[in-house]
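Visitor: Enclosed is the structure file input-v5.pdb (PDB, C-alpha atoms, pLDDT in the B column).
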```
ATOM      1  CA  MET A  24      68.248  21.063  27.510  1.00 61.00           C
ATOM      2  CA  ALA A  25      71.653  20.842  25.869  1.00 83.00           C
ATOM      3  CA  LEU A  26      73.450  20.282  29.174  1.00 89.00           C
ATOM      4  CA  GLN A  27      72.302  16.666  29.420  1.00 89.00           C
ATOM      5  CA  TRP A  28      73.673  15.919  25.949  1.00 88.00           C
ATOM      6  CA  LEU A  29      76.945  17.661  26.772  1.00 92.00           C
ATOM      7  CA  ILE A  30      77.298  15.543  29.922  1.00 92.00           C
ATOM      8  CA  LEU A  31      76.410  12.381  28.013  1.00 92.00           C
ATOM      9  CA  SER A  32      78.942  13.163  25.291  1.00 93.00           C
ATOM     10  CA  TYR A  33      81.687  13.691  27.893  1.00 94.00           C
ATOM     11  CA  VAL A  34      80.766  10.416  29.573  1.00 93.00           C
ATOM     12  CA  VAL A  35      80.865   8.576  26.248  1.00 95.00           C
ATOM     13  CA  ALA A  36      84.261  10.134  25.480  1.00 96.00           C
ATOM     14  CA  ALA A  37      85.536   8.996  28.892  1.00 95.00           C
ATOM     15  CA  GLU A  38      84.165   5.502  28.236  1.00 95.00           C
ATOM     16  CA  VAL A  39      86.025   5.396  24.922  1.00 96.00           C
ATOM     17  CA  VAL A  40      89.271   6.371  26.650  1.00 96.00           C
ATOM     18  CA  ILE A  41      88.737   3.733  29.352  1.00 95.00           C
ATOM     19  CA  ALA A  42      87.952   1.061  26.748  1.00 94.00           C
ATOM     20  CA  VAL A  43      91.112   1.927  24.815  1.00 95.00           C
ATOM     21  CA  ILE A  44      93.206   1.874  27.991  1.00 94.00           C
ATOM     22  CA  LEU A  45      91.777  -1.521  28.958  1.00 93.00           C
ATOM     23  CA  THR A  46      92.508  -3.064  25.576  1.00 93.00           C
ATOM     24  CA  LEU A  47      96.099  -1.850  25.230  1.00 93.00           C
ATOM     25  CA  PRO A  48      98.758  -4.455  26.013  1.00 93.00           C
ATOM     26  CA  TYR A  49     100.403  -3.767  29.369  1.00 90.00           C
ATOM     27  CA  PRO A  50     102.549  -5.851  31.712  1.00 92.00           C
ATOM     28  CA  MET A  51     100.375  -8.074  33.894  1.00 89.00           C
ATOM     29  CA  LEU A  52     100.929  -6.091  37.098  1.00 90.00           C
ATOM     30  CA  VAL A  53      99.894  -2.811  35.480  1.00 93.00           C
ATOM     31  CA  LYS A  54      96.966  -4.508  33.732  1.00 92.00           C
ATOM     32  CA  LYS A  55      95.678  -5.950  37.031  1.00 92.00           C
ATOM     33  CA  ARG A  56      95.808  -2.556  38.704  1.00 94.00           C
ATOM     34  CA  ILE A  57      94.064  -0.821  35.833  1.00 94.00           C
ATOM     35  CA  VAL A  58      91.332  -3.474  35.774  1.00 93.00           C
ATOM     36  CA  SER A  59      90.830  -3.260  39.539  1.00 93.00           C
ATOM     37  CA  LEU A  60      90.603   0.537  39.370  1.00 93.00           C
ATOM     38  CA  VAL A  61      88.090   0.462  36.524  1.00 94.00           C
ATOM     39  CA  SER A  62      86.099  -2.253  38.316  1.00 92.00           C
ATOM     40  CA  LEU A  63      85.743   0.035  41.321  1.00 93.00           C
ATOM     41  CA  ILE A  64      84.444   2.794  39.063  1.00 92.00           C
ATOM     42  CA  LEU A  65      81.988   0.539  37.203  1.00 91.00           C
ATOM     43  CA  GLN A  66      79.319   0.182  39.870  1.00 89.00           C
ATOM     44  CA  PRO A  67      78.747   3.917  40.448  1.00 88.00           C
ATOM     45  CA  ALA A  68      79.052   4.505  36.697  1.00 88.00           C
ATOM     46  CA  ALA A  69      76.138   2.139  36.047  1.00 88.00           C
ATOM     47  CA  SER A  70      73.888   5.142  36.416  1.00 90.00           C
ATOM     48  CA  ILE A  71      74.872   6.101  32.870  1.00 90.00           C
ATOM     49  CA  VAL A  72      72.801   3.159  31.611  1.00 91.00           C
ATOM     50  CA  ALA A  73      69.701   4.439  33.381  1.00 91.00           C
ATOM     51  CA  PHE A  74      70.387   8.019  32.287  1.00 92.00           C
ATOM     52  CA  ALA A  75      70.891   7.037  28.641  1.00 92.00           C
ATOM     53  CA  GLY A  76      67.824   4.794  28.758  1.00 91.00           C
ATOM     54  CA  PHE A  77      65.723   7.646  30.121  1.00 92.00           C
ATOM     55  CA  GLN A  78      67.028   9.927  27.383  1.00 92.00           C
ATOM     56  CA  LEU A  79      66.131   7.310  24.770  1.00 91.00           C
ATOM     57  CA  LEU A  80      62.587   7.143  26.123  1.00 91.00           C
ATOM     58  CA  ASP A  81      62.391  10.928  26.063  1.00 90.00           C
ATOM     59  CA  LEU A  82      63.569  10.998  22.455  1.00 89.00           C
ATOM     60  CA  TYR A  83      61.022   8.353  21.522  1.00 90.00           C
ATOM     61  CA  TRP A  84      58.195  10.291  23.164  1.00 90.00           C
ATOM     62  CA  LYS A  85      59.247  13.528  21.457  1.00 86.00           C
ATOM     63  CA  ASN A  86      59.468  11.732  18.114  1.00 84.00           C
ATOM     64  CA  GLU A  87      55.976  10.309  18.487  1.00 84.00           C
ATOM     65  CA  HIS A  88      54.487  13.682  19.404  1.00 82.00           C
ATOM     66  CA  ARG A  89      56.478  15.861  17.003  1.00 77.00           C
ATOM     67  CA  LEU A  90      54.559  18.050  14.598  1.00 75.00           C
ATOM     68  CA  MET A  91      55.004  16.823  11.051  1.00 76.00           C
ATOM     69  CA  CYS A  92      56.092  19.287   8.423  1.00 73.00           C
ATOM     70  CA  SER A  93      55.571  17.448   5.174  1.00 69.00           C
ATOM     71  CA  SER A  94      52.775  19.329   3.473  1.00 68.00           C
ATOM     72  CA  GLU A  95      52.880  22.215   1.034  1.00 73.00           C
ATOM     73  CA  VAL A  96      51.832  24.639   3.781  1.00 78.00           C
ATOM     74  CA  CYS A  97      55.252  24.523   5.500  1.00 81.00           C
ATOM     75  CA  THR A  98      57.728  27.225   4.626  1.00 82.00           C
ATOM     76  CA  ALA A  99      61.350  26.489   3.808  1.00 81.00           C
ATOM     77  CA  THR A 100      62.547  27.649   7.239  1.00 84.00           C
ATOM     78  CA  GLU A 101      60.000  25.460   9.022  1.00 82.00           C
ATOM     79  CA  ARG A 102      61.050  22.478   6.930  1.00 82.00           C
ATOM     80  CA  ASP A 103      64.728  23.173   7.661  1.00 86.00           C
ATOM     81  CA  ARG A 104      63.995  23.474  11.374  1.00 84.00           C
ATOM     82  CA  TYR A 105      62.066  20.189  11.271  1.00 83.00           C
ATOM     83  CA  GLU A 106      64.899  18.376   9.452  1.00 85.00           C
ATOM     84  CA  LYS A 107      67.477  19.829  11.832  1.00 89.00           C
ATOM     85  CA  SER A 108      65.513  18.570  14.833  1.00 86.00           C
ATOM     86  CA  ILE A 109      65.296  15.112  13.235  1.00 87.00           C
ATOM     87  CA  TYR A 110      69.065  15.051  12.689  1.00 91.00           C
ATOM     88  CA  LYS A 111      69.709  16.139  16.271  1.00 89.00           C
ATOM     89  CA  ALA A 112      67.395  13.436  17.583  1.00 89.00           C
ATOM     90  CA  GLN A 113      69.167  10.802  15.480  1.00 91.00           C
ATOM     91  CA  ARG A 114      72.554  12.001  16.737  1.00 91.00           C
ATOM     92  CA  ASN A 115      71.331  11.834  20.315  1.00 91.00           C
ATOM     93  CA  VAL A 116      69.993   8.299  19.839  1.00 93.00           C
ATOM     94  CA  VAL A 117      73.410   7.216  18.555  1.00 94.00           C
ATOM     95  CA  LEU A 118      75.036   8.932  21.541  1.00 94.00           C
ATOM     96  CA  CYS A 119      72.753   7.123  24.019  1.00 93.00           C
ATOM     97  CA  ALA A 120      73.274   3.778  22.325  1.00 94.00           C
ATOM     98  CA  ALA A 121      77.035   4.316  22.313  1.00 95.00           C
ATOM     99  CA  GLY A 122      77.015   5.121  26.022  1.00 94.00           C
ATOM    100  CA  ILE A 123      75.133   1.929  26.878  1.00 94.00           C
ATOM    101  CA  LEU A 124      77.185  -0.238  24.512  1.00 96.00           C
ATOM    102  CA  LEU A 125      80.517   1.124  25.720  1.00 95.00           C
ATOM    103  CA  TYR A 126      79.551   0.596  29.359  1.00 95.00           C
ATOM    104  CA  TRP A 127      78.675  -3.011  28.553  1.00 95.00           C
ATOM    105  CA  CYS A 128      81.967  -3.487  26.669  1.00 95.00           C
ATOM    106  CA  ILE A 129      83.998  -2.084  29.566  1.00 95.00           C
ATOM    107  CA  PHE A 130      82.097  -4.304  31.999  1.00 95.00           C
ATOM    108  CA  ARG A 131      82.762  -7.413  29.880  1.00 95.00           C
ATOM    109  CA  ILE A 132      86.457  -6.554  29.410  1.00 95.00           C
ATOM    110  CA  CYS A 133      86.895  -6.177  33.169  1.00 94.00           C
ATOM    111  CA  LYS A 134      85.004  -9.412  33.831  1.00 95.00           C
ATOM    112  CA  TYR A 135      87.113 -11.228  31.229  1.00 95.00           C
ATOM    113  CA  ASN A 136      90.351  -9.987  32.807  1.00 93.00           C
ATOM    114  CA  LYS A 137      89.187 -10.944  36.313  1.00 93.00           C
ATOM    115  CA  ASP A 138      88.200 -14.425  35.104  1.00 95.00           C
ATOM    116  CA  LEU A 139      91.570 -14.769  33.391  1.00 93.00           C
ATOM    117  CA  GLU A 140      93.346 -13.759  36.587  1.00 92.00           C
ATOM    118  CA  HIS A 141      91.274 -16.257  38.582  1.00 94.00           C
ATOM    119  CA  LEU A 142      92.118 -19.062  36.146  1.00 95.00           C
ATOM    120  CA  GLU A 143      95.822 -18.212  36.328  1.00 93.00           C
ATOM    121  CA  GLU A 144      95.700 -18.452  40.129  1.00 93.00           C
ATOM    122  CA  LEU A 145      93.876 -21.765  39.849  1.00 95.00           C
ATOM    123  CA  GLU A 146      96.516 -23.050  37.432  1.00 95.00           C
ATOM    124  CA  LYS A 147      99.311 -22.021  39.810  1.00 93.00           C
ATOM    125  CA  ARG A 148      97.594 -23.876  42.677  1.00 93.00           C
ATOM    126  CA  CYS A 149      97.170 -26.991  40.550  1.00 94.00           C
ATOM    127  CA  LYS A 150     100.832 -26.929  39.503  1.00 93.00           C
ATOM    128  CA  ALA A 151     101.945 -26.410  43.119  1.00 90.00           C
ATOM    129  CA  GLN A 152     100.102 -29.538  44.262  1.00 85.00           C
TER
END
```
Write out the structure in this file as structure tokens.
Guide:
Amino acid sequence: MALQWLILSYVVAAEVVIAVILTLPYPMLVKKRIVSLVSLILQPAASIVAFAGFQLLDLYWKNEHRLMCSSEVCTATERDRYEKSIYKAQRNVVLCAAGILLYWCIFRICKYNKDLEHLEELEKRCKAQ
């Protein structure tokens, strides 16, 4: 069960690195190549959105069907285990949301850079005429 969260955390870490690389100031030629490379990776990486969404649904279902430990009958270890599982679920929700949000940010940054490149080409054509 922990393997899926390990994979998701590595993917989120890679998305953070890609987002930082995309937002650093580079010369235009290097920037264009980085954006084109990341754009090629974006379509296959869209599966992370579906994977994170599925994990969110799984967390929701587990939260709705979790045994409550709030009465006097629960021992201290049961209460600690219950609180620990709640904290893990909250951490995993943040991880899923971060994965989806970072993918969207990377997508928008690439789209913005492509639109900017297109407008620069259009401006050059207008000046040449």
Visitor: So, counting all atoms listed in the file, which residue among A:Cys133, A:Leu29, A:Ile44, A:Ala75 is closest to Val117 in chain A?
Guide: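 For Val117 in chain A, the nearest of the candidates is A:Ala75.
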Visitor: Nearest residue to Glu38 in chain A out of A:Lys55, A:Leu82, A:Ile64, A:Ala99, using all atoms listed in the file?
Guide: A:Ile64
Visitor: Could you state which residues are captured by the PyMOL selection byres ((chain A and resi 91) around 12) in this file, as a ChimeraX atom specification?
Guide: /A:85-90,92-97,101-102,104-106,108-109
Visitor: In terms of the shortest atom-to-atom distance over all atoms listed in the file, which of A:Leu63, A:Val72, A:Val39, A:Ala151 is closest to Ala120 in chain A?
Guide: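 Between A:Leu63, A:Val72, A:Val39, A:Ala151, the residue approaching Ala120 in chain A most closely is A:Val72.
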Visitor: Hey, which of A:Leu80, A:Ala25, A:Cys128, A:Ile123 ends up closest to Ile41 in chain A? Count all atoms listed in the file.
Guide: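 Distance minimum relative to Ile41 in chain A lands on A:Cys128.
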Visitor: Given the file above and the PyMOL selection byres ((chain A and resi 134) around 12), which residues are selected, and can you give them as a ChimeraX atom specification?
Guide: /A:45,55,58-59,61-62,65,127-133,135-141
Visitor: Would you compute the distance between CA of Glu146 in chain A and CA of Val53 in chain A? Give it in Å to one decimal.
Guide: 20.6 Å
Visitor: What is the CA of Thr98 in chain A to CA of Gln113 in chain A distance in Å?
Guide: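 CA of Thr98 in chain A sits 22.8 Å away from CA of Gln113 in chain A.
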Visitor: So the first atom is CA of Leu118 in chain A and the second is CA of Val35 in chain A; what is the distance between them in Å, to one decimal place?
Guide: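 Pair CA of Leu118 in chain A / CA of Val35 in chain A returns 7.5 Å.
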Visitor: Within 9 Å of Leu79 in chain A, counting only C-alpha atoms, which residues show up once you throw out same-chain ones fewer than 3 positions away? Write them as a JSON list (two decimals) with C-alpha atoms, in the frame of the given file, please.
Guide:
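Result written to selection_31.json:
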```json
[["chain", "number", "residue", "atom", "x", "y", "z"],
["A", 74, "PHE", "CA", 70.39, 8.02, 32.29],
["A", 75, "ALA", "CA", 70.89, 7.04, 28.64],
["A", 76, "GLY", "CA", 67.82, 4.79, 28.76],
["A", 82, "LEU", "CA", 63.57, 11.00, 22.46],
["A", 83, "TYR", "CA", 61.02, 8.35, 21.52],
["A", 84, "TRP", "CA", 58.20, 10.29, 23.16],
["A", 115, "ASN", "CA", 71.33, 11.83, 20.32],
["A", 116, "VAL", "CA", 69.99, 8.30, 19.84],
["A", 119, "CYS", "CA", 72.75, 7.12, 24.02],
["A", 120, "ALA", "CA", 73.27, 3.78, 22.32]]
```
Visitor: Using all atoms listed in the file, pick whichever of A:Glu144, A:Lys150, A:Lys111, A:Val34 has the shortest atom-to-atom distance to Ile71 in chain A.
Guide: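 Among the listed residues, the smallest separation from Ile71 in chain A belongs to A:Val34.
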Visitor: Kindly add N, CA, C and O atoms to the incomplete range 57-71 of chain A and provide the output as a PDB file, in the coordinates of the input.
Guide:
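Result written to part36.pdb:
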```pdb
ATOM      1  N   ILE A  57      95.005  -1.602  36.640  1.00 94.00           N
ATOM      2  CA  ILE A  57      94.064  -0.821  35.833  1.00 94.00           C
ATOM      3  C   ILE A  57      92.678  -1.457  35.879  1.00 94.00           C
ATOM      4  O   ILE A  57      91.671  -0.769  36.057  1.00 94.00           O
ATOM      5  N   VAL A  58      92.616  -2.776  35.742  1.00 93.00           N
ATOM      6  CA  VAL A  58      91.332  -3.474  35.774  1.00 93.00           C
ATOM      7  C   VAL A  58      90.663  -3.316  37.134  1.00 93.00           C
ATOM      8  O   VAL A  58      89.451  -3.094  37.218  1.00 93.00           O
ATOM      9  N   SER A  59      91.435  -3.408  38.209  1.00 93.00           N
ATOM     10  CA  SER A  59      90.830  -3.260  39.539  1.00 93.00           C
ATOM     11  C   SER A  59      90.326  -1.832  39.755  1.00 93.00           C
ATOM     12  O   SER A  59      89.264  -1.627  40.348  1.00 93.00           O
ATOM     13  N   LEU A  60      91.056  -0.847  39.247  1.00 93.00           N
ATOM     14  CA  LEU A  60      90.603   0.537  39.370  1.00 93.00           C
ATOM     15  C   LEU A  60      89.319   0.770  38.575  1.00 93.00           C
ATOM     16  O   LEU A  60      88.358   1.362  39.080  1.00 93.00           O
ATOM     17  N   VAL A  61      89.281   0.284  37.355  1.00 94.00           N
ATOM     18  CA  VAL A  61      88.090   0.462  36.524  1.00 94.00           C
ATOM     19  C   VAL A  61      86.913  -0.314  37.115  1.00 94.00           C
ATOM     20  O   VAL A  61      85.768   0.149  37.069  1.00 94.00           O
ATOM     21  N   SER A  62      87.173  -1.474  37.698  1.00 92.00           N
ATOM     22  CA  SER A  62      86.099  -2.253  38.316  1.00 92.00           C
ATOM     23  C   SER A  62      85.473  -1.508  39.490  1.00 92.00           C
ATOM     24  O   SER A  62      84.265  -1.611  39.720  1.00 92.00           O
ATOM     25  N   LEU A  63      86.285  -0.769  40.225  1.00 93.00           N
ATOM     26  CA  LEU A  63      85.743   0.035  41.321  1.00 93.00           C
ATOM     27  C   LEU A  63      84.868   1.174  40.807  1.00 93.00           C
ATOM     28  O   LEU A  63      83.895   1.562  41.459  1.00 93.00           O
ATOM     29  N   ILE A  64      85.196   1.684  39.646  1.00 92.00           N
ATOM     30  CA  ILE A  64      84.444   2.794  39.063  1.00 92.00           C
ATOM     31  C   ILE A  64      83.154   2.307  38.405  1.00 92.00           C
ATOM     32  O   ILE A  64      82.183   3.055  38.289  1.00 92.00           O
ATOM     33  N   LEU A  65      83.115   1.045  37.993  1.00 91.00           N
ATOM     34  CA  LEU A  65      81.988   0.539  37.203  1.00 91.00           C
ATOM     35  C   LEU A  65      80.642   0.594  37.925  1.00 91.00           C
ATOM     36  O   LEU A  65      79.638   0.949  37.318  1.00 91.00           O
ATOM     37  N   GLN A  66      80.612   0.223  39.183  1.00 89.00           N
ATOM     38  CA  GLN A  66      79.319   0.182  39.870  1.00 89.00           C
ATOM     39  C   GLN A  66      78.675   1.564  39.991  1.00 89.00           C
ATOM     40  O   GLN A  66      77.498   1.716  39.638  1.00 89.00           O
ATOM     41  N   PRO A  67      79.396   2.594  40.434  1.00 88.00           N
ATOM     42  CA  PRO A  67      78.747   3.917  40.448  1.00 88.00           C
ATOM     43  C   PRO A  67      78.458   4.447  39.044  1.00 88.00           C
ATOM     44  O   PRO A  67      77.511   5.202  38.846  1.00 88.00           O
ATOM     45  N   ALA A  68      79.262   4.023  38.069  1.00 88.00           N
ATOM     46  CA  ALA A  68      79.052   4.505  36.697  1.00 88.00           C
ATOM     47  C   ALA A  68      77.890   3.806  36.007  1.00 88.00           C
ATOM     48  O   ALA A  68      77.536   4.181  34.891  1.00 88.00           O
ATOM     49  N   ALA A  69      77.287   2.828  36.644  1.00 88.00           N
ATOM     50  CA  ALA A  69      76.138   2.139  36.047  1.00 88.00           C
ATOM     51  C   ALA A  69      74.951   3.068  35.884  1.00 88.00           C
ATOM     52  O   ALA A  69      74.037   2.780  35.116  1.00 88.00           O
ATOM     53  N   SER A  70      74.982   4.182  36.559  1.00 90.00           N
ATOM     54  CA  SER A  70      73.888   5.142  36.416  1.00 90.00           C
ATOM     55  C   SER A  70      73.809   5.701  35.001  1.00 90.00           C
ATOM     56  O   SER A  70      72.755   6.200  34.593  1.00 90.00           O
ATOM     57  N   ILE A  71      74.897   5.614  34.251  1.00 90.00           N
ATOM     58  CA  ILE A  71      74.872   6.101  32.870  1.00 90.00           C
ATOM     59  C   ILE A  71      73.902   5.281  32.031  1.00 90.00           C
ATOM     60  O   ILE A  71      73.274   5.808  31.106  1.00 90.00           O
TER      61      ILE A  71
END
```
